[in-house]
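Below you'll find the structure, written out as structure tokens, and then a few comments.
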Amino acid sequence: MSTFQIKYINETNNTLRSETVFMRSLKGAKISASSCAPFCTNRIELRNIIGTLLAYKENGIWVNDSGF
């Protein structure tokens with residue numbers, strides 16, 4: 001199981017909520033983060049346990065980081 005840090009950010013770049021989850025894959029973490037996002041979330045960031053950005057979601061579209 002992989003560990004992912006999920007960060008929910010609003011339009012003013014304030015963190016709404018941050019959590020750590022254990023998922024089998026990045027795809028599973030994306031689905032979980034999308035379904036659990038607070039109402040006023042503008043951006044969702046997924047990072048690994050070290051803090052490296054793996055993917056983010058803005059305007060309803062997931063973008064994988066180029067280094068991933």
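By order in the structure tokens, chains are A, B, ...; within a chain, residues start at 1; ligands start at 1, following the order shown.
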Inset, instruction - Please run DSSP on the backbone and report, as a PyMOL selection string, all residues within chain A that come out as strand (DSSP E). - result: chain A and resi 2-9+15-23+43-47+53-58+61-64
May I have the selected residues written with N, CA and C atoms, as a compact mmCIF listing (two decimals), in the first residue's frame?
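Written out: part-v3.txt:
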```
# COMPACT_ATOMS: atom_id res chain seq x y z
N SER A 2 0.50 2.18 -0.83
CA SER A 2 1.22 3.45 -0.91
C SER A 2 0.56 4.48 -0.02
N THR A 3 1.34 5.43 0.44
CA THR A 3 0.84 6.51 1.28
C THR A 3 0.78 7.79 0.45
N PHE A 4 -0.36 8.46 0.50
CA PHE A 4 -0.56 9.71 -0.23
C PHE A 4 -1.03 10.80 0.72
N GLN A 5 -0.49 11.99 0.56
CA GLN A 5 -0.95 13.15 1.30
C GLN A 5 -1.86 13.94 0.37
N ILE A 6 -3.08 14.19 0.82
CA ILE A 6 -4.06 14.91 0.03
C ILE A 6 -4.29 16.28 0.66
N LYS A 7 -4.23 17.31 -0.17
CA LYS A 7 -4.43 18.67 0.31
C LYS A 7 -5.52 19.33 -0.53
N TYR A 8 -6.54 19.85 0.15
CA TYR A 8 -7.65 20.53 -0.50
C TYR A 8 -7.45 22.04 -0.34
N ILE A 9 -7.44 22.78 -1.44
CA ILE A 9 -7.12 24.21 -1.43
C ILE A 9 -8.28 24.98 -2.07
N THR A 15 -5.50 26.36 2.68
CA THR A 15 -5.74 24.94 2.83
C THR A 15 -7.03 24.72 3.61
N LEU A 16 -7.96 24.01 2.99
CA LEU A 16 -9.23 23.69 3.64
C LEU A 16 -9.07 22.48 4.55
N ARG A 17 -8.39 21.48 4.04
CA ARG A 17 -8.19 20.24 4.79
C ARG A 17 -7.00 19.51 4.21
N SER A 18 -6.31 18.79 5.07
CA SER A 18 -5.17 18.00 4.64
C SER A 18 -5.28 16.64 5.33
N GLU A 19 -5.01 15.58 4.58
CA GLU A 19 -5.13 14.25 5.16
C GLU A 19 -4.13 13.31 4.51
N THR A 20 -3.85 12.22 5.19
CA THR A 20 -2.96 11.18 4.66
C THR A 20 -3.78 9.90 4.53
N VAL A 21 -3.68 9.27 3.37
CA VAL A 21 -4.44 8.04 3.12
C VAL A 21 -3.51 6.95 2.60
N PHE A 22 -3.92 5.72 2.79
CA PHE A 22 -3.21 4.56 2.25
C PHE A 22 -4.06 4.00 1.12
N MET A 23 -3.49 3.98 -0.07
CA MET A 23 -4.21 3.48 -1.24
C MET A 23 -3.31 2.53 -2.01
N ARG A 43 -8.64 23.34 -5.80
CA ARG A 43 -7.50 22.54 -6.24
C ARG A 43 -7.27 21.41 -5.23
N ILE A 44 -6.96 20.24 -5.76
CA ILE A 44 -6.60 19.08 -4.94
C ILE A 44 -5.18 18.68 -5.32
N GLU A 45 -4.32 18.53 -4.33
CA GLU A 45 -2.95 18.10 -4.58
C GLU A 45 -2.71 16.74 -3.94
N LEU A 46 -2.07 15.85 -4.69
CA LEU A 46 -1.66 14.54 -4.17
C LEU A 46 -0.14 14.49 -4.13
N ARG A 47 0.39 14.19 -2.96
CA ARG A 47 1.84 14.10 -2.78
C ARG A 47 2.19 12.76 -2.16
N LEU A 53 5.14 16.40 -5.28
CA LEU A 53 3.85 16.51 -5.95
C LEU A 53 3.73 15.44 -7.03
N LEU A 54 2.69 14.60 -6.93
CA LEU A 54 2.46 13.54 -7.91
C LEU A 54 1.42 13.95 -8.93
N ALA A 55 0.34 14.57 -8.47
CA ALA A 55 -0.75 14.98 -9.36
C ALA A 55 -1.56 16.06 -8.67
N TYR A 56 -2.28 16.84 -9.48
CA TYR A 56 -3.19 17.83 -8.93
C TYR A 56 -4.42 17.94 -9.82
N LYS A 57 -5.50 18.42 -9.24
CA LYS A 57 -6.75 18.57 -9.98
C LYS A 57 -7.21 20.01 -9.89
N GLU A 58 -7.37 20.65 -11.05
CA GLU A 58 -7.89 22.01 -11.14
C GLU A 58 -8.92 22.04 -12.26
N ILE A 61 -10.03 18.68 -13.88
CA ILE A 61 -9.11 17.87 -14.69
C ILE A 61 -7.88 17.49 -13.86
N TRP A 62 -7.57 16.19 -13.83
CA TRP A 62 -6.37 15.72 -13.15
C TRP A 62 -5.16 15.89 -14.06
N VAL A 63 -4.07 16.39 -13.51
CA VAL A 63 -2.81 16.54 -14.25
C VAL A 63 -1.73 15.83 -13.44
N ASN A 64 -1.06 14.86 -14.06
CA ASN A 64 0.06 14.19 -13.41
C ASN A 64 1.29 15.06 -13.53
```
Inset, instruction - Find, counting only C-alpha atoms, the residue in A:Asn13, A:Ala29, A:Gly60, A:Cys36 that gets nearest to Asn48 (chain A). - result: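 Closest to Asn48 (chain A) of all the choices is A:Ala29.
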Inset, instruction - Tell me, in Å to one decimal, how far CA of Thr41 (chain A) is from CA of Met1 (chain A). - result: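 These atoms are spaced 26.5 Å apart.
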Legend entry - One-decimal distance in Å that lies between CA of Glu11 (chain A) and CA of Ser25 (chain A): 27.8 Å
Inset, instruction - Using DSSP on the backbone coordinates, identify all residues within chain A classified as alpha helix (DSSP H); present the result as a PyMOL selection string. - result: chain A and resi 26-35
